[in-house]
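One structure below.
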4 protein chains.
Amino acid sequence: MKGFAMLGIGKAGWIEKEKPEAGPYDAIVRPLAVAPCTSDIHTVFEGAIGERSNLILGHEAVGEVVEVGGEVKDFVPGDRVVVPAITPDWRTLDAQRGYHQHSGGLLAGWKFSNIKDGVFGEFFHVNDADMNLAKLPEGISLEAAVMLPDMATTGLQGAELAEIGFGDTVAVLGIGPVGLMAVAGAKLRGAGRIIVVGTRPKCVEVAKAFGATDVVSYKVAPVEDQILDMTGGKGVDAAIIAGGNPDILGSAVKMTKPGGNISNINYFGEGDVLPVPRLEWGCGMSHKSIRGGLCPGGRLRMEKMVDLVRYGRIEPEKLVTHVFKGFDHIEEALMLMKDKPRDLIKPVVLLS
Amino acid sequence: MKGFAMLGIGKAGWIEKEKPEAGPYDAIVRPLAVAPCTSDIHTVFEGAIGERSNLILGHEAVGEVVEVGGEVKDFVPGDRVVVPAITPDWRTLDAQRGYHQHSGGLLAGWKFSNIKDGVFGEFFHVNDADMNLAKLPEGISLEAAVMLPDMATTGLQGAELAEIGFGDTVAVLGIGPVGLMAVAGAKLRGAGRIIVVGTRPKCVEVAKAFGATDVVSYKVAPVEDQILDMTGGKGVDAAIIAGGNPDILGSAVKMTKPGGNISNINYFGEGDVLPVPRLEWGCGMSHKSIRGGLCPGGRLRMEKMVDLVRYGRIEPEKLVTHVFKGFDHIEEALMLMKDKPRDLIKPVVLLS
Amino acid sequence: MKGFAMLGIGKAGWIEKEKPEAGPYDAIVRPLAVAPCTSDIHTVFEGAIGERSNLILGHEAVGEVVEVGGEVKDFVPGDRVVVPAITPDWRTLDAQRGYHQHSGGLLAGWKFSNIKDGVFGEFFHVNDADMNLAKLPEGISLEAAVMLPDMATTGLQGAELAEIGFGDTVAVLGIGPVGLMAVAGAKLRGAGRIIVVGTRPKCVEVAKAFGATDVVSYKVAPVEDQILDMTGGKGVDAAIIAGGNPDILGSAVKMTKPGGNISNINYFGEGDVLPVPRLEWGCGMSHKSIRGGLCPGGRLRMEKMVDLVRYGRIEPEKLVTHVFKGFDHIEEALMLMKDKPRDLIKPVVLLS
Amino acid sequence: MKGFAMLGIGKAGWIEKEKPEAGPYDAIVRPLAVAPCTSDIHTVFEGAIGERSNLILGHEAVGEVVEVGGEVKDFVPGDRVVVPAITPDWRTLDAQRGYHQHSGGLLAGWKFSNIKDGVFGEFFHVNDADMNLAKLPEGISLEAAVMLPDMATTGLQGAELAEIGFGDTVAVLGIGPVGLMAVAGAKLRGAGRIIVVGTRPKCVEVAKAFGATDVVSYKVAPVEDQILDMTGGKGVDAAIIAGGNPDILGSAVKMTKPGGNISNINYFGEGDVLPVPRLEWGCGMSHKSIRGGLCPGGRLRMEKMVDLVRYGRIEPEKLVTHVFKGFDHIEEALMLMKDKPRDLIKPVVLLS
C-alpha cells in the first residue's frame, strides 16, 4: 500500500509498505478523512521526536473499519469510526492510575506517527479496537469529525486542566486550532469573560464565534501587561497556553491571580527549560498551579467528543479553512501547516 | 415603611414597620425589582420554616443603595446592586471551612424572610455590604438581574454538584425556573445530551432554548424507566433534582450510572424521610453520590452570575413570563407562585 | 479438584470440580491463605445475590501462581501473589471512566463467588493476571496479606470517600474488620478525633490500637445523640458507615455537619429503601454528601496495600483473631463468620 | 514596650515602641513562647521582602490574651492561644474564593513582621481575633504548640498540595523543620514509601521518627538520579520541595511520574526564574502538576493543628532542639537560625 511518510529528519515523501495486519484485538481502518497537524511538521522538519525513517505520518483521522481481529466485539467491517490521536495500551498500571496518555511511559500513549505508522496510508492499524475506536453517527460531517481525534480533545482538555468555574475570567494564549477549541472549551465550562491573544483575522473571527469576548495582540505590548490592565490589575482566574515559545509560561504566571491555574496544551519544541518567574509565582507560595498534558484519547473520550458535536455544543468544522479531495493532496495539506498562510486554521483531506 | 409580610402561618398582608438601620458594615437598600419564590409560598402557606409573625417576605431583589455604614468601603448610596438570597455572616468557622450557606448553623446563611425581614419592603437591610452585595452594571435588564439572587445561583449549583464532564448525559428532573437554570448550567458545564422531565409547554420551550435535547413526561411512564430506555439501559452520568416529592430521589438513583452523581437543588417540604432504593444504590456500593445544597450567595458569587449575563453565557430573563409594575402588585405576583397558572415560569415586580 | 461451595440458598458443602484452565491473559493460583467474609454468609444463608448452585465460595486469598497464559508478562509459576476480591475486566468503558468496580454493570467487577468460582478451591482462576495480581514480597505474613484483598481496601476506601482533612473529627459506625480498617484509614488520612461505635471488647481494643480516641455504645442512647453531645452539638466532619441496618444512614446524616460527608462501606442486605431524614438533610440543602462504593481492586490497588504493610503504615494482621491450618478448616472458619463469637474479628485459614 | 526588630536590611536589634491597641474585633496578646524562622533571617539579612525599619520581627507564637475589642465574642483576657503566622483579613473576595493567604493581594495574608509588627515584642496585635486565634488546651506543651503557627501548617500543606493517595511513594526534598513536618504530613495522608533528601544526623533521626523510610544524600549523586534508581526508573508519585535553590524544581520534575504532583513549600529567595526542564516535563504534556503555596492560617486551621497534637497524630515538639528561657534570648535564638549549627532543627524561646 501507499503512505506519506517521514523519510528522515527534514524529508517526507510517498513510500510503499505492506498493508498492516490485525492482531486478535485490533482493527484495520481505511481513512475517510485526515488532517495534518503542526506536530507532524515538528516531527519531520524539526526532528522533535528524533530520527525516524519511512514512518508513515498523521494521527488525525476518521475512517472505515475494513478488518477486525477475532476478539473484537463492538466493531465490524464497514463501521465508520473516529480514531483518537492517542490509542494507548489500556492494560497497564499507568492506565489503572488514570493516565492512559502515559501508558508505558511518558507520552507513550501517542503511537501514530511516533511509535508506529500513522494514518496517512491507504490503511492503518488500530490496537485494541474496542477500547480505542468510537462510532461516527450519521449527521456529523467528516470535516467536523476529523477535528475530534486531536484538536477538540486537546483544546477541551485545556479548559479542563484550567478548572474553570462559572463566571471566571479566562485567558487563552494562542488561537490556532487547538487554542480555538480551548476557547470553545472555556465557554463550555462556564467562563464569563474570555480574553484571547492572537492577531490573524480568520482566527480572531472564529475565536469570537466560539466565545471570546476580548482580543489582545502581542504586537502592542507584553500580553500580561495588557491583560492585567484589562482586569484592573487583578489578573485572570485561569490562563490556557495554546501556543508560544518557552517565555509564554512566564506571561501566563504573571497574568494569573493567586490561587489561579495555568493550563498548558502547547507542545514546547525548543529550549532546555521553561522559566517560571520567581516573584510573580510568589517565591513559590502563590498557589498558582501549573499543569499541562497530552490530550485524552481512547474510545470513551471520542464518544464524548462525538456527543458534543451531535448535540450542537461545539462546532469544530469552523476550524476547517481548506478542504482537499483525494489521497494525493495529503502532501499539499501538510505543507500548508508548515507555511501557515494567513487565512489558514486547519486543512482537511477527504478520501471517501 | 410598608412591607408585604407573613402575618402567621397561612396569612400574608401589608404591614407598617420601622425603616431598618445600617450598622457600621451594613447597607440599606431600596428595591428596584423583586421576584416572589415558591419558597415564600412554602413559608407562608405550609409553615415550612415554622411560625413567623409580621415577617416581611421575599429574598430575590435588585435595588439601589440608600445608606451605608461607616465601615463600608466599596458601596455608596446610589449604587445599583444585586442582592443575593443568601447573605451570611462571613466571620464564622463555617465560612472558613467553605460553607457560608450554613454559617451559624444548618441553612443559617439564609436570612431574608427567614431570620430577618425580607426584600418586599420599601427598604431592606443587608448585613456586611462589602461581602454581600454586587454591583449591577449598565446593560443588564432588571428582569435578568433579579433572576440572579436565587434562580441562577441555585440552578447553576445543581450543575456544579453534578460534577458534569464534557459530553456527559444529564437528566434534569423538573423544569420550573430553578430546573431551567440547571439546564442552562448543565449545558454550560459541557453536557452533551440533556434530558428534561416536564410537561408545561412554556417551560419546555425555554428548556429547549437553554439546551435540553430530549423531553420526558412523567405522565407516560415512570421517568426512570423512560430515561433508562433512552440511554440503552445505561442511565445518565448525572441527574439533577429540581422538583418533585420525596420519591423523586429514588427515581434519580435508579436512572444514574454506577459512579454517577445525583445532585439535589429541590427544597423538600414534606415527608419524614427521603428514601434511597437499596438495590439500585448497589446495596450501598454503587458509587452513586447523592449531594444537595442551598444556593451559594455572597458578593463573589453574584459578581460571577453578573458576568455570565454580561458576556451572554446565560439568559435568565427568559424565565420571566409575567412582569408587574409597582409595589402594590407584589401580592398579586406572589399569588401567581401559589396558583401556578400554566403559562407561568416566574413573575417579576418592577419598582423603579 | 475439591472446593467448598454454595450448594443452594441455605446450604454449603464440599464439591468436586474440574481444575480451572487459564486463557491467554489469565493465571491459575493455588491458595496459600484464605479468609471467609460476612458476605459469604450473606451469599449462602441469606441469598443476597440470588440463587447459585455449586459455586465455590470465597474472595479473599493470597496464593501461589501455578500456571499462566501465553500473554501474561509479569507473573510466572511460583510467584506468591495477593489476589484482590475485585478482579474486573479492565477493557470496558466503565473502567475507562474510572469505575472498574462496576466494569460490565453495577458491582460486576466482583467476580469471585459471585459470577465465577471463588477462592475456596484447591485452585482458582484469575482473569487478566497482569492487571489483577500483585506480588507478595518477603517479610509480610500471610495473615497480614490475606486481609488486603477486601478488608483493607474496603476499610481504607471508607476513609477515602469520607474526604477527610487534617484534624477532622470522624465517626466510624461499626468496628467489625472493615470498620476497624476504616479507623486505620481515617487516622492515615489525618483525622484528629476518631469516635467509634461498637461494644465488643476485642474490637474496641483493636480500634484503639488503630487510632480510635472515643468509643460509643449504641446500647446507651441513640448514637447520633451521643456523638452530637460529644462534639458540642456541632457533629462530625465525616461519618463512615461500616455496619448496621438501613436506619444507620439516618444516624450518620444526623451526626454530620453541614458540608460534611457520609461514606458508606457497609453492604446493606435487607430492606427496600435506606431512609435519609429530611430535616437533618436540610430539606435537601445541607451539603451533606452521601457516598458509598464497592472496594477498589486490581493490581495497582493491591500493590499500594502491600506497600502500606511493608512500610509499617497499617497492621492488618491485628484483625486476625483465629488462625486455622489446613484446607479442611475452611468450613469451620466460615461458620465462625456466621456465629460471630464475641472474641472474633476475623478468621484465617493457612494452606501453605 | 520592648521588641526585637529589623532596623534595616542587615541590621536587627532591640527597640522601644508603643504597646499596640485593639480595635473592636482585635486582641492584644502577650507571648508565652516564640520561635524564630528562617524567613526572619531572609527578611533581615537578605532583604527578601524589601526595606523595613523598626519592624518587630517574628511570626510564630503562642500567647495569653491580655485585651480584646468590644466585638470579640469567643476570647477573653487570660485565654491561652495559638496564633497563626497567617492572620488575614477574612472579609475580602480573595477569602471568599478560598485563598485567605492572598487576602488583599499576593501573600498579603502574611501580616506579622511583614505588614505590621511581629510577635517578638512584649505584646502584639492580632486582627479579627475570633477568626484568627485558636485556644490552646491544657496538656499541650508550649514547645509543641509554638510549632503549629508555621512549621506544622506549612509542612502539612506540602502533603496536601501533593495530593497523596494511600500507598503512594513520596519524596521530601529538604528536612529542615518544614520538610520534617512534610514527612509527618505525607505519612498522615497515607503515603507508603517516603524518601527524604538530607544529611544532618539530627534531622535524619527525626525524619525517620516521623515516617521516612529511605534517606538520600545530595552529596553522593544528583538526587533525581538516585531516586529514579531506587524506584526502578519509575519515579515517585509526588515530590514535596521543602528546601533548596531554584534548580530543585527541576530535580523534582525529573523524579516524578507522569501524572504526579510537585508540591512546593519552599520560600525561594533568589534567582529571577525557577526553571522547569522541558523534556522531563513532557514538552508541556506530562501531566506533572506544579503547585506551591503559603501556609494556611486562621482559626479553623489552628484548631485542626491543635487537634492533631491533642490526639497524638503529630509530635511537633520533636523539632525543638534548643530551648531558651526569657525574652532576652530572642536574639540568640534568631542567630541560631542564621548560623544553623549542625545539631539544630528549631529553637524556641519560652516567656511564661
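Chain identifiers are assigned as A, B, and so on, following the order in which chains appear in the C-alpha cells; residues are numbered from 1 within each chain, and ligands are numbered from 1 in order of appearance.
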
Output the contact residues of chain C with respect to chain A at a cut-off of 8 Å, based on only C-alpha atoms, as a PDB file with N, CA and C atoms, in the first residue's frame.
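Result written to result33.pdb:
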```pdb
ATOM      1  N   TRP C  90     -10.680  -5.157  32.630  1.00  0.00           N
ATOM      2  CA  TRP C  90     -10.200  -3.769  32.544  1.00  0.00           C
ATOM      3  C   TRP C  90     -10.462  -3.147  31.175  1.00  0.00           C
ATOM      4  N   ARG C  91     -10.927  -3.939  30.249  1.00  0.00           N
ATOM      5  CA  ARG C  91     -11.145  -3.430  28.899  1.00  0.00           C
ATOM      6  C   ARG C  91     -12.626  -3.114  28.676  1.00  0.00           C
ATOM      7  N   THR C  92     -13.125  -2.126  29.429  1.00  0.00           N
ATOM      8  CA  THR C  92     -14.504  -1.681  29.260  1.00  0.00           C
ATOM      9  C   THR C  92     -14.548  -0.162  29.387  1.00  0.00           C
ATOM     10  N   LEU C  93     -15.645   0.403  28.923  1.00  0.00           N
ATOM     11  CA  LEU C  93     -15.825   1.848  29.085  1.00  0.00           C
ATOM     12  C   LEU C  93     -16.005   2.221  30.548  1.00  0.00           C
ATOM     13  N   GLN C  96     -12.679   2.690  31.778  1.00  0.00           N
ATOM     14  CA  GLN C  96     -12.122   3.939  31.222  1.00  0.00           C
ATOM     15  C   GLN C  96     -12.613   5.162  31.985  1.00  0.00           C
ATOM     16  N   ARG C  97     -13.865   5.116  32.450  1.00  0.00           N
ATOM     17  CA  ARG C  97     -14.349   6.287  33.185  1.00  0.00           C
ATOM     18  C   ARG C  97     -14.054   6.203  34.678  1.00  0.00           C
ATOM     19  N   GLY C  98     -13.242   5.226  35.079  1.00  0.00           N
ATOM     20  CA  GLY C  98     -12.729   5.241  36.438  1.00  0.00           C
ATOM     21  C   GLY C  98     -13.469   4.360  37.426  1.00  0.00           C
ATOM     22  N   ASP C 130      -1.982  -9.883  34.676  1.00  0.00           N
ATOM     23  CA  ASP C 130      -1.091  -8.720  34.755  1.00  0.00           C
ATOM     24  C   ASP C 130      -1.794  -7.498  35.342  1.00  0.00           C
ATOM     25  N   MET C 131      -3.098  -7.454  35.224  1.00  0.00           N
ATOM     26  CA  MET C 131      -3.863  -6.318  35.734  1.00  0.00           C
ATOM     27  C   MET C 131      -4.512  -6.603  37.092  1.00  0.00           C
ATOM     28  N   ARG C 299      -4.589  -4.753  40.291  1.00  0.00           N
ATOM     29  CA  ARG C 299      -3.189  -4.869  40.697  1.00  0.00           C
ATOM     30  C   ARG C 299      -2.636  -3.645  41.413  1.00  0.00           C
ATOM     31  N   LEU C 300      -2.849  -2.475  40.836  1.00  0.00           N
ATOM     32  CA  LEU C 300      -2.250  -1.279  41.409  1.00  0.00           C
ATOM     33  C   LEU C 300      -2.721  -1.074  42.844  1.00  0.00           C
TER      34      LEU C 300
END
```

**Message:** Applying 9 Å and only C-alpha atoms, which residues near Tyr311 in chain D remain after dropping the ones on its own chain fewer than 3 positions away? List them as a PyMOL selection string.
**Reply:** (chain C and resi 167+192-194+211+213) or (chain D and resi 306-308+314)

If you keep C-alpha atoms, can you produce a file of those selected residues as a PDB file, in the first residue's frame?
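To be explicit, this is the file written out as again14.pdb:
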```pdb
ATOM      1  CA  GLY C 167      -7.509  17.340  62.082  1.00  0.00           C
ATOM      2  CA  GLY C 192      -7.828  14.161  64.623  1.00  0.00           C
ATOM      3  CA  ARG C 193     -10.548  12.779  66.834  1.00  0.00           C
ATOM      4  CA  ILE C 194     -11.944   9.396  65.772  1.00  0.00           C
ATOM      5  CA  GLY C 211      -6.382   5.238  66.260  1.00  0.00           C
ATOM      6  CA  THR C 213      -9.975   8.178  70.510  1.00  0.00           C
TER       7      THR C 213
ATOM      8  CA  VAL D 306      -4.197  21.596  67.831  1.00  0.00           C
ATOM      9  CA  ASP D 307      -6.390  18.515  67.429  1.00  0.00           C
ATOM     10  CA  LEU D 308      -3.623  16.698  65.585  1.00  0.00           C
ATOM     11  CA  ILE D 314       1.806  14.614  65.124  1.00  0.00           C
TER      12      ILE D 314
END
```

**Asked** So which one's closest to Leu161 in chain D, D:Gly109, D:Gly293, D:Pro347, D:Pro20? Using only C-alpha atoms, please.
**Response**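 Comparing D:Gly109, D:Gly293, D:Pro347, D:Pro20 against Leu161 in chain D, the winner is D:Gly293.
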
**Shell of 9 Å around range 144-156 of chain A, only C-alpha atoms, local chain residues under 5 positions omitted, as a PyMOL selection string** = (chain A and resi 33-35+37+59-62+82-86+136+161+177-186+188+242+265+293-297+301-302+305-306+309+314-320+346+348) or (chain B and resi 166)

Write a file of the just-selected residues containing N, CA and C atoms, as a CSV table (one decimal), in the first residue's frame.
```csv
chain,number,residue,atom,x,y,z
A,33,ALA,N,-11.2,10.6,6.1
A,33,ALA,CA,-10.7,12.0,6.1
A,33,ALA,C,-9.5,12.0,7.1
A,34,VAL,N,-8.5,12.8,6.7
A,34,VAL,CA,-7.4,13.0,7.6
A,34,VAL,C,-7.1,14.5,7.6
A,35,ALA,N,-6.3,14.8,8.7
A,35,ALA,CA,-5.9,16.2,8.8
A,35,ALA,C,-4.4,16.2,9.3
A,37,CYS,N,-1.2,17.9,11.2
A,37,CYS,CA,-1.1,18.6,12.5
A,37,CYS,C,0.3,19.3,12.5
A,59,HIS,N,-1.9,11.6,12.5
A,59,HIS,CA,-2.6,11.0,13.7
A,59,HIS,C,-4.0,11.5,13.9
A,60,GLU,N,-4.5,12.2,12.8
A,60,GLU,CA,-5.9,12.7,12.9
A,60,GLU,C,-6.7,12.1,11.8
A,61,ALA,N,-7.6,11.2,12.1
A,61,ALA,CA,-8.4,10.5,11.1
A,61,ALA,C,-9.7,10.1,11.5
A,62,VAL,N,-10.6,10.1,10.5
A,62,VAL,CA,-11.8,9.2,10.6
A,62,VAL,C,-11.8,8.2,9.5
A,82,VAL,N,-14.4,7.2,14.5
A,82,VAL,CA,-13.4,8.3,14.8
A,82,VAL,C,-12.3,7.6,15.5
A,83,VAL,N,-11.1,8.0,15.1
A,83,VAL,CA,-9.9,7.4,15.6
A,83,VAL,C,-9.1,8.4,16.4
A,84,PRO,N,-9.0,8.2,17.7
A,84,PRO,CA,-8.2,9.2,18.5
A,84,PRO,C,-6.8,9.2,18.2
A,85,ALA,N,-6.2,10.4,18.3
A,85,ALA,CA,-4.7,10.5,18.2
A,85,ALA,C,-4.0,9.6,19.2
A,86,ILE,N,-4.6,9.5,20.3
A,86,ILE,CA,-3.9,8.7,21.4
A,86,ILE,C,-4.7,7.4,21.5
A,136,LEU,N,-18.9,6.7,14.4
A,136,LEU,CA,-19.2,8.0,13.9
A,136,LEU,C,-20.7,8.0,13.4
A,161,LEU,N,-8.1,21.3,32.5
A,161,LEU,CA,-7.0,21.4,33.4
A,161,LEU,C,-7.0,22.8,34.0
A,177,PRO,N,-5.7,26.2,15.9
A,177,PRO,CA,-6.9,25.4,16.0
A,177,PRO,C,-7.1,24.8,17.4
A,178,VAL,N,-6.0,24.5,18.1
A,178,VAL,CA,-6.1,24.0,19.5
A,178,VAL,C,-6.5,25.1,20.4
A,179,GLY,N,-6.0,26.3,20.3
A,179,GLY,CA,-6.4,27.4,21.1
A,179,GLY,C,-7.9,27.7,20.9
A,180,LEU,N,-8.3,27.7,19.7
A,180,LEU,CA,-9.7,28.0,19.4
A,180,LEU,C,-10.6,26.9,20.1
A,181,MET,N,-10.2,25.7,20.1
A,181,MET,CA,-11.0,24.7,20.8
A,181,MET,C,-11.0,24.9,22.3
A,182,ALA,N,-9.8,25.5,22.8
A,182,ALA,CA,-9.8,25.8,24.2
A,182,ALA,C,-10.7,27.0,24.5
A,183,VAL,N,-10.9,27.9,23.6
A,183,VAL,CA,-11.9,29.0,23.8
A,183,VAL,C,-13.3,28.3,23.9
A,184,ALA,N,-13.6,27.4,22.9
A,184,ALA,CA,-14.9,26.8,23.0
A,184,ALA,C,-15.0,26.0,24.3
A,185,GLY,N,-13.9,25.4,24.7
A,185,GLY,CA,-14.0,24.6,26.0
A,185,GLY,C,-14.2,25.5,27.2
A,186,ALA,N,-13.5,26.7,27.2
A,186,ALA,CA,-13.7,27.6,28.3
A,186,ALA,C,-15.1,28.1,28.4
A,188,LEU,N,-17.6,26.4,27.4
A,188,LEU,CA,-18.4,25.3,27.7
A,188,LEU,C,-18.2,24.8,29.1
A,242,ALA,N,-1.8,27.9,24.6
A,242,ALA,CA,-2.1,27.1,23.4
A,242,ALA,C,-1.2,27.5,22.3
A,265,ILE,N,-1.5,23.4,27.0
A,265,ILE,CA,-1.7,22.4,26.0
A,265,ILE,C,-0.9,22.6,24.8
A,293,GLY,N,-0.9,18.7,29.8
A,293,GLY,CA,-0.9,17.3,29.5
A,293,GLY,C,-1.3,17.0,28.0
A,294,LEU,N,-0.8,15.8,27.7
A,294,LEU,CA,-1.2,15.3,26.4
A,294,LEU,C,-2.7,15.0,26.3
A,295,CYS,N,-3.3,15.2,25.2
A,295,CYS,CA,-4.7,15.1,25.1
A,295,CYS,C,-5.2,13.7,25.4
A,296,PRO,N,-6.4,13.6,26.1
A,296,PRO,CA,-7.0,12.3,26.3
A,296,PRO,C,-7.5,11.6,25.0
A,297,GLY,N,-7.2,10.3,25.0
A,297,GLY,CA,-7.7,9.6,23.8
A,297,GLY,C,-8.6,8.4,24.2
A,301,ARG,N,-13.5,8.9,25.5
A,301,ARG,CA,-13.3,10.3,25.2
A,301,ARG,C,-13.8,10.7,23.8
A,302,MET,N,-13.6,9.8,22.8
A,302,MET,CA,-14.1,10.1,21.5
A,302,MET,C,-15.6,10.1,21.4
A,305,MET,N,-16.7,13.4,22.7
A,305,MET,CA,-16.5,14.4,21.7
A,305,MET,C,-17.6,14.3,20.6
A,306,VAL,N,-17.9,13.1,20.2
A,306,VAL,CA,-18.9,12.9,19.2
A,306,VAL,C,-20.3,13.5,19.7
A,309,VAL,N,-20.6,17.2,19.5
A,309,VAL,CA,-21.0,17.7,18.1
A,309,VAL,C,-22.4,17.4,17.9
A,314,ILE,N,-20.4,22.0,20.3
A,314,ILE,CA,-19.2,22.5,19.7
A,314,ILE,C,-19.4,22.4,18.2
A,315,GLU,N,-18.7,23.3,17.5
A,315,GLU,CA,-18.8,23.3,16.0
A,315,GLU,C,-17.4,23.3,15.4
A,316,PRO,N,-16.7,22.1,15.6
A,316,PRO,CA,-15.3,22.1,15.2
A,316,PRO,C,-15.1,22.3,13.7
A,317,GLU,N,-16.1,22.1,12.9
A,317,GLU,CA,-16.0,22.3,11.5
A,317,GLU,C,-15.6,23.7,11.1
A,318,LYS,N,-15.8,24.6,12.1
A,318,LYS,CA,-15.4,26.0,11.8
A,318,LYS,C,-13.9,26.2,11.8
A,319,LEU,N,-13.2,25.2,12.3
A,319,LEU,CA,-11.7,25.3,12.2
A,319,LEU,C,-11.2,25.0,10.8
A,320,VAL,N,-12.0,24.3,10.0
A,320,VAL,CA,-11.5,23.8,8.7
A,320,VAL,C,-11.6,24.9,7.6
A,346,LYS,N,-7.0,25.2,9.6
A,346,LYS,CA,-6.7,23.8,9.6
A,346,LYS,C,-7.2,23.3,8.2
A,348,VAL,N,-8.1,19.9,5.7
A,348,VAL,CA,-8.6,18.6,5.8
A,348,VAL,C,-8.5,17.9,4.4
B,166,PHE,N,-17.3,16.9,30.1
B,166,PHE,CA,-17.6,17.2,28.7
B,166,PHE,C,-18.3,16.0,28.0
```

With a distance cut-off of 9 Å and only C-alpha atoms, select the neighbouring residues of Glu122 in chain C, excluding the residue or stretch itself and same-chain residues fewer than 4 positions from it, and output the selection as a PDB file with all heavy atoms, in the first residue's frame.
```pdb
ATOM      1  N   MET C   1     -10.780 -31.349  41.233  1.00  0.00           N
ATOM      2  CA  MET C   1     -10.286 -30.738  42.472  1.00  0.00           C
ATOM      3  C   MET C   1     -11.444 -30.524  43.441  1.00  0.00           C
ATOM      4  O   MET C   1     -12.609 -30.563  43.075  1.00  0.00           O
ATOM      5  CB  MET C   1      -9.619 -29.392  42.160  1.00  0.00           C
ATOM      6  CG  MET C   1     -10.618 -28.354  41.669  1.00  0.00           C
ATOM      7  SD  MET C   1      -9.907 -26.694  41.581  1.00  0.00           S
ATOM      8  CE  MET C   1     -11.428 -25.744  41.807  1.00  0.00           C
ATOM      9  N   LYS C   2     -11.096 -30.249  44.701  1.00  0.00           N
ATOM     10  CA  LYS C   2     -12.069 -30.067  45.761  1.00  0.00           C
ATOM     11  C   LYS C   2     -12.330 -28.584  45.983  1.00  0.00           C
ATOM     12  O   LYS C   2     -11.428 -27.749  45.810  1.00  0.00           O
ATOM     13  CB  LYS C   2     -11.471 -30.647  47.052  1.00  0.00           C
ATOM     14  CG  LYS C   2     -12.427 -31.433  47.897  1.00  0.00           C
ATOM     15  CD  LYS C   2     -11.725 -32.172  49.039  1.00  0.00           C
ATOM     16  CE  LYS C   2     -10.956 -31.270  49.991  1.00  0.00           C
ATOM     17  NZ  LYS C   2     -10.632 -31.956  51.275  1.00  0.00           N
ATOM     18  N   GLY C   3     -13.570 -28.241  46.353  1.00  0.00           N
ATOM     19  CA  GLY C   3     -13.853 -26.860  46.689  1.00  0.00           C
ATOM     20  C   GLY C   3     -15.011 -26.776  47.655  1.00  0.00           C
ATOM     21  O   GLY C   3     -15.899 -27.648  47.654  1.00  0.00           O
ATOM     22  N   LYS C  19     -10.439 -28.749  37.581  1.00  0.00           N
ATOM     23  CA  LYS C  19      -9.471 -27.683  37.807  1.00  0.00           C
ATOM     24  C   LYS C  19      -9.654 -26.638  36.707  1.00  0.00           C
ATOM     25  O   LYS C  19      -9.809 -26.985  35.534  1.00  0.00           O
ATOM     26  CB  LYS C  19      -8.059 -28.266  37.752  1.00  0.00           C
ATOM     27  CG  LYS C  19      -6.974 -27.254  38.046  1.00  0.00           C
ATOM     28  CD  LYS C  19      -5.566 -27.871  37.956  1.00  0.00           C
ATOM     29  CE  LYS C  19      -4.519 -26.784  37.829  1.00  0.00           C
ATOM     30  NZ  LYS C  19      -3.177 -27.293  37.533  1.00  0.00           N
ATOM     31  N   VAL C  29      -4.155 -20.084  40.229  1.00  0.00           N
ATOM     32  CA  VAL C  29      -3.492 -19.834  41.507  1.00  0.00           C
ATOM     33  C   VAL C  29      -3.923 -20.895  42.517  1.00  0.00           C
ATOM     34  O   VAL C  29      -5.086 -21.303  42.556  1.00  0.00           O
ATOM     35  CB  VAL C  29      -3.861 -18.427  42.027  1.00  0.00           C
ATOM     36  CG1 VAL C  29      -3.281 -18.186  43.414  1.00  0.00           C
ATOM     37  CG2 VAL C  29      -3.382 -17.349  41.047  1.00  0.00           C
ATOM     38  N   ARG C  30      -2.954 -21.342  43.313  1.00  0.00           N
ATOM     39  CA  ARG C  30      -3.221 -22.249  44.429  1.00  0.00           C
ATOM     40  C   ARG C  30      -3.213 -21.413  45.709  1.00  0.00           C
ATOM     41  O   ARG C  30      -2.243 -20.690  45.968  1.00  0.00           O
ATOM     42  CB  ARG C  30      -2.098 -23.291  44.495  1.00  0.00           C
ATOM     43  CG  ARG C  30      -2.215 -24.303  45.618  1.00  0.00           C
ATOM     44  CD  ARG C  30      -1.099 -25.341  45.524  1.00  0.00           C
ATOM     45  NE  ARG C  30       0.205 -24.800  45.846  1.00  0.00           N
ATOM     46  CZ  ARG C  30       0.667 -24.626  47.090  1.00  0.00           C
ATOM     47  NH1 ARG C  30      -0.072 -24.932  48.145  1.00  0.00           N
ATOM     48  NH2 ARG C  30       1.886 -24.137  47.308  1.00  0.00           N
ATOM     49  N   PRO C  31      -4.274 -21.441  46.495  1.00  0.00           N
ATOM     50  CA  PRO C  31      -4.324 -20.569  47.668  1.00  0.00           C
ATOM     51  C   PRO C  31      -3.311 -20.963  48.743  1.00  0.00           C
ATOM     52  O   PRO C  31      -3.115 -22.157  49.007  1.00  0.00           O
ATOM     53  CB  PRO C  31      -5.752 -20.727  48.178  1.00  0.00           C
ATOM     54  CG  PRO C  31      -6.248 -22.013  47.609  1.00  0.00           C
ATOM     55  CD  PRO C  31      -5.515 -22.211  46.304  1.00  0.00           C
ATOM     56  N   PHE C 327      -6.818 -27.056  54.660  1.00  0.00           N
ATOM     57  CA  PHE C 327      -7.967 -26.850  53.795  1.00  0.00           C
ATOM     58  C   PHE C 327      -9.283 -27.252  54.459  1.00  0.00           C
ATOM     59  O   PHE C 327     -10.311 -26.601  54.281  1.00  0.00           O
ATOM     60  CB  PHE C 327      -7.732 -27.698  52.538  1.00  0.00           C
ATOM     61  CG  PHE C 327      -8.370 -27.160  51.309  1.00  0.00           C
ATOM     62  CD1 PHE C 327      -7.973 -25.928  50.782  1.00  0.00           C
ATOM     63  CD2 PHE C 327      -9.367 -27.871  50.666  1.00  0.00           C
ATOM     64  CE1 PHE C 327      -8.571 -25.436  49.625  1.00  0.00           C
ATOM     65  CE2 PHE C 327      -9.961 -27.373  49.517  1.00  0.00           C
ATOM     66  CZ  PHE C 327      -9.567 -26.153  48.999  1.00  0.00           C
TER      67      PHE C 327
END
```

**Request:** Please return as a ChimeraX atom specification: the residues of range 147-180 of chain D that backbone DSSP assigns to strand (DSSP E or B).
**Result:** /D:170-173

**Request:** Taking the DSSP assignment computed from this structure's backbone, write out as a PyMOL selection string all residues of range 147-219 of chain D that belong to alpha helix (DSSP H).
**Result:** chain D and resi 153-161+177-188+201-210

**Request:** Provide the CA of Val76 in chain A to CA of Pro88 in chain A distance in Å, to one decimal place.
**Result:**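 Taking CA of Val76 in chain A as the start and CA of Pro88 in chain A as the end point, the length is 20.6 Å.
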
**Message:** What's the separation between CA of Asn114 in chain C and CA of Asp40 in chain C, in Å to one decimal place?
**Reply:**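 About the pair CA of Asn114 in chain C and CA of Asp40 in chain C: they are 9.6 Å apart.
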
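CA of Leu334 in chain D lies 11.7 Å from CA of Met6 in chain D.
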